[in-house]
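S.K.: Data file protein.pdb (PDB, C-alpha atoms, pLDDT in the B column) is appended below.
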```
MODEL        1
ATOM      1  CA  MET Q  16     142.543  -6.104 103.484  1.00 70.00           C
ATOM      2  CA  SER Q  17     140.887  -4.997 100.233  1.00 95.00           C
ATOM      3  CA  ARG Q  18     142.345  -2.415  97.878  1.00 97.00           C
ATOM      4  CA  LEU Q  19     140.668   0.338  95.886  1.00 98.00           C
ATOM      5  CA  LEU Q  20     142.316   1.398  92.635  1.00 98.00           C
ATOM      6  CA  LEU Q  21     142.688   5.178  92.301  1.00 98.00           C
ATOM      7  CA  LEU Q  22     143.708   5.813  88.700  1.00 98.00           C
ATOM      8  CA  ASN Q  23     144.677   9.260  87.432  1.00 97.00           C
ATOM      9  CA  GLY Q  24     145.671  10.129  83.892  1.00 96.00           C
ATOM     10  CA  PRO Q  25     147.754  12.738  82.102  1.00 95.00           C
ATOM     11  CA  ASN Q  26     148.734  15.982  83.839  1.00 90.00           C
ATOM     12  CA  LEU Q  27     147.079  15.008  87.124  1.00 93.00           C
ATOM     13  CA  GLY Q  28     150.456  14.431  88.747  1.00 87.00           C
ATOM     14  CA  ILE Q  29     150.940  18.184  88.849  1.00 88.00           C
ATOM     15  CA  LEU Q  30     147.720  18.981  90.697  1.00 82.00           C
ATOM     16  CA  GLY Q  31     148.150  21.743  93.212  1.00 85.00           C
ATOM     17  CA  ARG Q  32     150.177  23.844  90.794  1.00 87.00           C
ATOM     18  CA  ARG Q  33     148.354  23.130  87.533  1.00 84.00           C
ATOM     19  CA  GLU Q  34     145.895  25.919  86.761  1.00 79.00           C
ATOM     20  CA  PRO Q  35     144.597  26.170  90.347  1.00 81.00           C
ATOM     21  CA  GLU Q  36     141.744  28.418  89.189  1.00 79.00           C
ATOM     22  CA  ILE Q  37     140.375  25.382  87.317  1.00 75.00           C
ATOM     23  CA  TYR Q  38     141.727  22.361  89.203  1.00 74.00           C
ATOM     24  CA  GLY Q  39     142.111  23.713  92.748  1.00 74.00           C
ATOM     25  CA  THR Q  40     145.087  23.588  95.071  1.00 85.00           C
ATOM     26  CA  ASP Q  41     144.814  20.030  96.400  1.00 90.00           C
ATOM     27  CA  THR Q  42     147.623  17.752  95.326  1.00 93.00           C
ATOM     28  CA  LEU Q  43     147.186  14.168  94.224  1.00 96.00           C
ATOM     29  CA  ALA Q  44     148.617  13.126  97.600  1.00 95.00           C
ATOM     30  CA  ASP Q  45     145.880  15.187  99.322  1.00 96.00           C
ATOM     31  CA  ILE Q  46     143.240  13.482  97.192  1.00 97.00           C
ATOM     32  CA  GLU Q  47     144.620  10.011  97.854  1.00 97.00           C
ATOM     33  CA  LYS Q  48     144.575  10.701 101.596  1.00 98.00           C
ATOM     34  CA  ALA Q  49     140.958  11.934 101.435  1.00 98.00           C
ATOM     35  CA  VAL Q  50     139.852   8.834  99.519  1.00 98.00           C
ATOM     36  CA  ALA Q  51     141.683   6.616 102.024  1.00 98.00           C
ATOM     37  CA  GLU Q  52     139.797   8.321 104.862  1.00 98.00           C
ATOM     38  CA  GLU Q  53     136.452   7.701 103.137  1.00 97.00           C
ATOM     39  CA  VAL Q  54     137.034   3.966 102.668  1.00 98.00           C
ATOM     40  CA  ALA Q  55     138.962   3.156 105.853  1.00 98.00           C
ATOM     41  CA  ASP Q  56     135.897   2.055 107.831  1.00 96.00           C
ATOM     42  CA  ARG Q  57     135.256  -0.649 105.231  1.00 97.00           C
ATOM     43  CA  GLY Q  58     138.842  -1.871 105.685  1.00 96.00           C
ATOM     44  CA  TRP Q  59     139.909  -0.777 102.216  1.00 98.00           C
ATOM     45  CA  THR Q  60     143.293   0.669 101.347  1.00 98.00           C
ATOM     46  CA  VAL Q  61     144.062   2.799  98.301  1.00 98.00           C
ATOM     47  CA  SER Q  62     146.413   1.896  95.466  1.00 97.00           C
ATOM     48  CA  GLY Q  63     147.049   5.210  93.752  1.00 98.00           C
ATOM     49  CA  ILE Q  64     148.481   5.212  90.245  1.00 98.00           C
ATOM     50  CA  GLN Q  65     149.052   8.258  88.069  1.00 98.00           C
ATOM     51  CA  ASP Q  66     150.693   8.223  84.673  1.00 97.00           C
ATOM     52  CA  ASP Q  67     150.825  10.501  81.669  1.00 96.00           C
ATOM     53  CA  SER Q  68     150.957   7.506  79.325  1.00 97.00           C
ATOM     54  CA  GLU Q  69     147.790   5.752  78.228  1.00 98.00           C
ATOM     55  CA  GLY Q  70     149.652   2.459  77.878  1.00 97.00           C
ATOM     56  CA  ALA Q  71     150.777   2.574  81.500  1.00 98.00           C
ATOM     57  CA  LEU Q  72     147.198   3.242  82.627  1.00 98.00           C
ATOM     58  CA  VAL Q  73     145.941   0.302  80.556  1.00 98.00           C
ATOM     59  CA  ARG Q  74     148.575  -1.888  82.205  1.00 98.00           C
ATOM     60  CA  ALA Q  75     147.528  -0.626  85.649  1.00 98.00           C
ATOM     61  CA  VAL Q  76     143.880  -1.529  85.026  1.00 98.00           C
ATOM     62  CA  ASN Q  77     144.833  -4.943  83.683  1.00 98.00           C
ATOM     63  CA  ASP Q  78     147.220  -5.585  86.594  1.00 97.00           C
ATOM     64  CA  HIS Q  79     144.589  -4.816  89.265  1.00 97.00           C
ATOM     65  CA  PRO Q  80     141.571  -7.080  88.649  1.00 95.00           C
ATOM     66  CA  ASP Q  81     141.674  -8.085  92.317  1.00 95.00           C
ATOM     67  CA  THR Q  82     140.785  -4.613  93.612  1.00 97.00           C
ATOM     68  CA  VAL Q  83     137.301  -3.971  95.044  1.00 98.00           C
ATOM     69  CA  GLY Q  84     136.604  -1.162  92.598  1.00 98.00           C
ATOM     70  CA  ALA Q  85     138.165   1.922  91.082  1.00 98.00           C
ATOM     71  CA  ILE Q  86     137.981   5.675  90.915  1.00 98.00           C
ATOM     72  CA  VAL Q  87     139.202   6.834  87.515  1.00 98.00           C
ATOM     73  CA  ASN Q  88     140.092  10.333  86.398  1.00 97.00           C
ATOM     74  CA  PRO Q  89     141.199   9.771  82.812  1.00 97.00           C
ATOM     75  CA  GLY Q  90     141.891  13.454  82.238  1.00 93.00           C
ATOM     76  CA  ALA Q  91     141.896  14.260  78.538  1.00 91.00           C
ATOM     77  CA  LEU Q  92     141.929  10.527  77.733  1.00 95.00           C
ATOM     78  CA  MET Q  93     138.172  10.669  78.247  1.00 93.00           C
ATOM     79  CA  ILE Q  94     138.013  12.195  74.761  1.00 92.00           C
ATOM     80  CA  ALA Q  95     139.876   9.585  72.720  1.00 92.00           C
ATOM     81  CA  GLY Q  96     141.426   7.065  75.118  1.00 96.00           C
ATOM     82  CA  TRP Q  97     140.115   4.035  73.287  1.00 97.00           C
ATOM     83  CA  SER Q  98     142.638   1.552  74.684  1.00 98.00           C
ATOM     84  CA  LEU Q  99     141.939   2.785  78.226  1.00 98.00           C
ATOM     85  CA  ARG Q 100     138.225   2.473  77.477  1.00 98.00           C
ATOM     86  CA  ASP Q 101     138.721  -1.131  76.378  1.00 98.00           C
ATOM     87  CA  ALA Q 102     140.749  -1.961  79.487  1.00 98.00           C
ATOM     88  CA  LEU Q 103     138.014  -0.493  81.696  1.00 98.00           C
ATOM     89  CA  ALA Q 104     135.382  -2.469  79.764  1.00 98.00           C
ATOM     90  CA  ALA Q 105     137.223  -5.638  80.823  1.00 98.00           C
ATOM     91  CA  TYR Q 106     137.762  -4.493  84.432  1.00 98.00           C
ATOM     92  CA  PRO Q 107     135.609  -6.839  86.541  1.00 96.00           C
ATOM     93  CA  ARG Q 108     134.645  -4.430  89.341  1.00 96.00           C
ATOM     94  CA  PRO Q 109     132.516  -1.286  89.719  1.00 97.00           C
ATOM     95  CA  TRP Q 110     134.221   2.011  89.021  1.00 98.00           C
ATOM     96  CA  VAL Q 111     133.373   5.698  88.999  1.00 98.00           C
ATOM     97  CA  GLU Q 112     134.730   8.373  86.638  1.00 97.00           C
ATOM     98  CA  VAL Q 113     135.763  11.695  88.187  1.00 97.00           C
ATOM     99  CA  HIS Q 114     136.665  15.089  86.742  1.00 93.00           C
ATOM    100  CA  LEU Q 115     137.716  18.020  88.893  1.00 89.00           C
ATOM    101  CA  SER Q 116     136.197  20.650  86.607  1.00 79.00           C
ATOM    102  CA  ASN Q 117     132.771  20.725  85.041  1.00 79.00           C
ATOM    103  CA  VAL Q 118     133.785  19.478  81.613  1.00 77.00           C
ATOM    104  CA  TRP Q 119     130.458  20.569  80.082  1.00 74.00           C
ATOM    105  CA  ALA Q 120     131.078  24.171  81.136  1.00 63.00           C
ATOM    106  CA  ARG Q 121     134.401  24.189  79.281  1.00 70.00           C
ATOM    107  CA  GLU Q 122     135.546  23.840  75.674  1.00 68.00           C
ATOM    108  CA  SER Q 123     133.254  21.807  73.425  1.00 77.00           C
ATOM    109  CA  PHE Q 124     135.922  19.167  72.737  1.00 68.00           C
ATOM    110  CA  ARG Q 125     135.587  18.140  76.411  1.00 68.00           C
ATOM    111  CA  HIS Q 126     131.858  17.401  76.094  1.00 72.00           C
ATOM    112  CA  GLU Q 127     132.218  13.775  74.989  1.00 83.00           C
ATOM    113  CA  SER Q 128     133.650  10.879  76.966  1.00 90.00           C
ATOM    114  CA  VAL Q 129     134.355   7.499  75.408  1.00 94.00           C
ATOM    115  CA  ILE Q 130     134.796   6.169  78.940  1.00 95.00           C
ATOM    116  CA  ALA Q 131     131.765   7.504  80.837  1.00 93.00           C
ATOM    117  CA  PRO Q 132     129.181   5.148  79.296  1.00 95.00           C
ATOM    118  CA  LEU Q 133     130.973   2.234  80.983  1.00 97.00           C
ATOM    119  CA  ALA Q 134     131.225   3.805  84.428  1.00 97.00           C
ATOM    120  CA  GLY Q 135     128.963   3.050  87.364  1.00 96.00           C
ATOM    121  CA  GLY Q 136     128.662   6.812  87.749  1.00 96.00           C
ATOM    122  CA  VAL Q 137     130.360  10.093  86.860  1.00 96.00           C
ATOM    123  CA  VAL Q 138     131.232  12.963  89.190  1.00 97.00           C
ATOM    124  CA  VAL Q 139     132.202  16.285  87.596  1.00 93.00           C
ATOM    125  CA  GLY Q 140     132.812  19.856  88.620  1.00 92.00           C
ATOM    126  CA  LEU Q 141     133.181  19.445  92.371  1.00 92.00           C
ATOM    127  CA  GLY Q 142     136.950  19.709  92.576  1.00 91.00           C
ATOM    128  CA  ALA Q 143     138.843  17.372  94.863  1.00 95.00           C
ATOM    129  CA  TYR Q 144     135.638  16.726  96.837  1.00 97.00           C
ATOM    130  CA  GLY Q 145     134.394  14.787  93.814  1.00 97.00           C
ATOM    131  CA  TYR Q 146     136.848  12.013  94.664  1.00 98.00           C
ATOM    132  CA  ARG Q 147     135.297  11.693  98.140  1.00 98.00           C
ATOM    133  CA  LEU Q 148     131.865  11.437  96.519  1.00 98.00           C
ATOM    134  CA  ALA Q 149     133.170   8.791  94.123  1.00 98.00           C
ATOM    135  CA  ALA Q 150     134.521   6.843  97.105  1.00 98.00           C
ATOM    136  CA  LYS Q 151     131.129   7.076  98.815  1.00 98.00           C
ATOM    137  CA  ALA Q 152     129.482   5.852  95.613  1.00 98.00           C
ATOM    138  CA  LEU Q 153     131.800   2.834  95.466  1.00 97.00           C
ATOM    139  CA  LEU Q 154     131.027   2.002  99.086  1.00 97.00           C
ATOM    140  CA  HIS Q 155     127.397   1.871  97.942  1.00 96.00           C
ATOM    141  CA  LEU Q 156     128.099  -0.075  94.715  1.00 96.00           C
ATOM    142  CA  VAL Q 157     130.357  -2.736  96.253  1.00 96.00           C
ATOM    143  CA  PRO Q 158     128.489  -5.147  98.516  1.00 88.00           C
ATOM    144  CA  GLU Q 159     129.930  -5.684 102.001  1.00 84.00           C
TER
ENDMDL
END
```
Before anything else, please render the file you have as structure tokens.
M.R.:
Amino acid sequence: MSRLLLLNGPNLGILGRREPEIYGTDTLADIEKAVAEEVADRGWTVSGIQDDSEGALVRAVNDHPDTVGAIVNPGALMIAGWSLRDALAAYPRPWVEVHLSNVWARESFRHESVIAPLAGGVVVGLGAYGYRLAAKALLHLVPE
């Protein structure tokens, strides 16, 4: 069975109670379940990892080169997460960046991503549903 890496960065472990007017009410467990449903027909399972530490996220990327692909929500690390960016540059599989909110409709410091130029695609502003769309995109990007 193949595994999909679902990587979530700082403050995403408190989804469901973190500013629900911006991030919605779905928890990370809800999101992981939804992604698992999207990829089940392909025989993929989901390895969900969330950490508030950039170093731990770098380690997670480096420890999972055997996954079929990844969905990555770097959170605020999109702005200056250079070591995470470098780990993703070395990741040998397709991956999609996701953000729950529309980062371009928010504060100007959120308008740049050091990570997005490396991604196979970016999904923003669609809440938890964006993870389902990212999963669908990976099903398209990863050959059967």
S.K.: List the spatial neighbours of Lys151 of chain Q as a list in words - criterion: any atom at most 7 Å away, only C-alpha atoms, same-chain residues fewer than 4 positions off excluded.
M.R.: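 My list of contacting residues is Glu53, Arg147 and His155 of chain Q.
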S.K.: Applying 12 Å and all atoms listed in the file, which residues near segment 112-122 of chain Q remain after dropping the ones on its own chain fewer than 4 positions away? List them as a PyMOL selection string.
M.R.: chain Q and resi 20-24+27+30-31+33-43+46+84-94+100+103+126-150+152-153
S.K.: Quick one, how far is atom CA of Pro25 of chain Q from atom CA of Val73 of chain Q?
M.R.: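 Separation between atom CA of Pro25 of chain Q and atom CA of Val73 of chain Q: 12.7 Å.
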S.K.: Output the residue selection produced by the PyMOL selection byres ((chain Q and resi 60) around 7) on the file above, formatted as a list in words.
M.R.: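 With the PyMOL selection byres ((chain Q and resi 60) around 7) on this model, the match is Ser17, Arg18, Leu19, Ala51, Ala55, Gly58, Trp59, Val61 and Ser62 of chain Q.
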S.K.: In Å, rounded to a single decimal, give me how far atom CA of Ala75 of chain Q is from atom CA of Ile29 of chain Q.
M.R.: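 So the answer is 19.4 Å.
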S.K.: Using the chain letters and numbers from the file, give me the residues hit by the PyMOL selection byres ((chain Q and resi 107) around 9), as a ChimeraX atom specification.
M.R.: /Q:80-81,84,103-106,108-109
S.K.: Separation of atom CA of Asp101 of chain Q and atom CA of Asn26 of chain Q, in Å?
M.R.: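 A separation of 21.2 Å between them.
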S.K.: Measuring atom to atom with all atoms listed in the file, identify which of Q:Gly28, Q:Ala44, Q:Ala102, Q:His79 is nearest to Asp67 of chain Q.
M.R.: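 The answer is Q:Gly28, which sits nearest to Asp67 of chain Q.
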S.K.: My list of candidates is Q:Val50, Q:Leu99, Q:Val83, Q:Leu154. Which is closest to Ser68 of chain Q when distances are computed with only C-alpha atoms?
M.R.: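 Using only C-alpha atoms, Ser68 of chain Q sits closest to Q:Leu99.
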S.K.: May I ask you to restore N, CA and C atoms in segment 55-74 of chain Q and write the result as a compact mmCIF listing (two decimals), in the frame of the given file?
M.R.:
```txt
# COMPACT_ATOMS: atom_id res chain seq x y z
N ALA Q 55 138.27 3.84 104.75
CA ALA Q 55 138.96 3.16 105.85
C ALA Q 55 138.02 2.31 106.70
N ASP Q 56 136.83 2.80 106.98
CA ASP Q 56 135.90 2.06 107.83
C ASP Q 56 135.49 0.71 107.22
N ARG Q 57 135.57 0.60 105.91
CA ARG Q 57 135.26 -0.65 105.23
C ARG Q 57 136.47 -1.58 105.23
N GLY Q 58 137.62 -1.06 105.68
CA GLY Q 58 138.84 -1.87 105.68
C GLY Q 58 139.58 -1.85 104.36
N TRP Q 59 139.24 -0.89 103.50
CA TRP Q 59 139.91 -0.78 102.22
C TRP Q 59 141.14 0.11 102.32
N THR Q 60 142.15 -0.20 101.54
CA THR Q 60 143.29 0.67 101.35
C THR Q 60 143.24 1.19 99.92
N VAL Q 61 144.07 2.17 99.62
CA VAL Q 61 144.06 2.80 98.30
C VAL Q 61 145.37 2.52 97.58
N SER Q 62 145.26 2.04 96.36
CA SER Q 62 146.41 1.90 95.47
C SER Q 62 146.32 3.01 94.44
N GLY Q 63 147.08 4.07 94.65
CA GLY Q 63 147.05 5.21 93.75
C GLY Q 63 148.07 5.08 92.64
N ILE Q 64 147.61 5.26 91.41
CA ILE Q 64 148.48 5.21 90.24
C ILE Q 64 148.16 6.41 89.37
N GLN Q 65 149.20 7.15 89.02
CA GLN Q 65 149.05 8.26 88.07
C GLN Q 65 150.11 8.07 87.01
N ASP Q 66 149.72 8.26 85.76
CA ASP Q 66 150.69 8.22 84.67
C ASP Q 66 150.20 9.11 83.55
N ASP Q 67 151.16 9.67 82.81
CA ASP Q 67 150.82 10.50 81.67
C ASP Q 67 150.69 9.68 80.39
N SER Q 68 151.00 8.39 80.48
CA SER Q 68 150.96 7.51 79.32
C SER Q 68 149.73 6.61 79.37
N GLU Q 69 148.98 6.59 78.29
CA GLU Q 69 147.79 5.75 78.23
C GLU Q 69 148.15 4.28 78.37
N GLY Q 70 149.24 3.86 77.79
CA GLY Q 70 149.65 2.46 77.88
C GLY Q 70 149.90 2.03 79.31
N ALA Q 71 150.52 2.90 80.09
CA ALA Q 71 150.78 2.57 81.50
C ALA Q 71 149.47 2.47 82.29
N LEU Q 72 148.50 3.30 81.95
CA LEU Q 72 147.20 3.24 82.63
C LEU Q 72 146.45 1.96 82.26
N VAL Q 73 146.54 1.57 80.99
CA VAL Q 73 145.94 0.30 80.56
C VAL Q 73 146.56 -0.84 81.34
N ARG Q 74 147.88 -0.85 81.45
CA ARG Q 74 148.57 -1.89 82.20
C ARG Q 74 148.12 -1.89 83.67
```
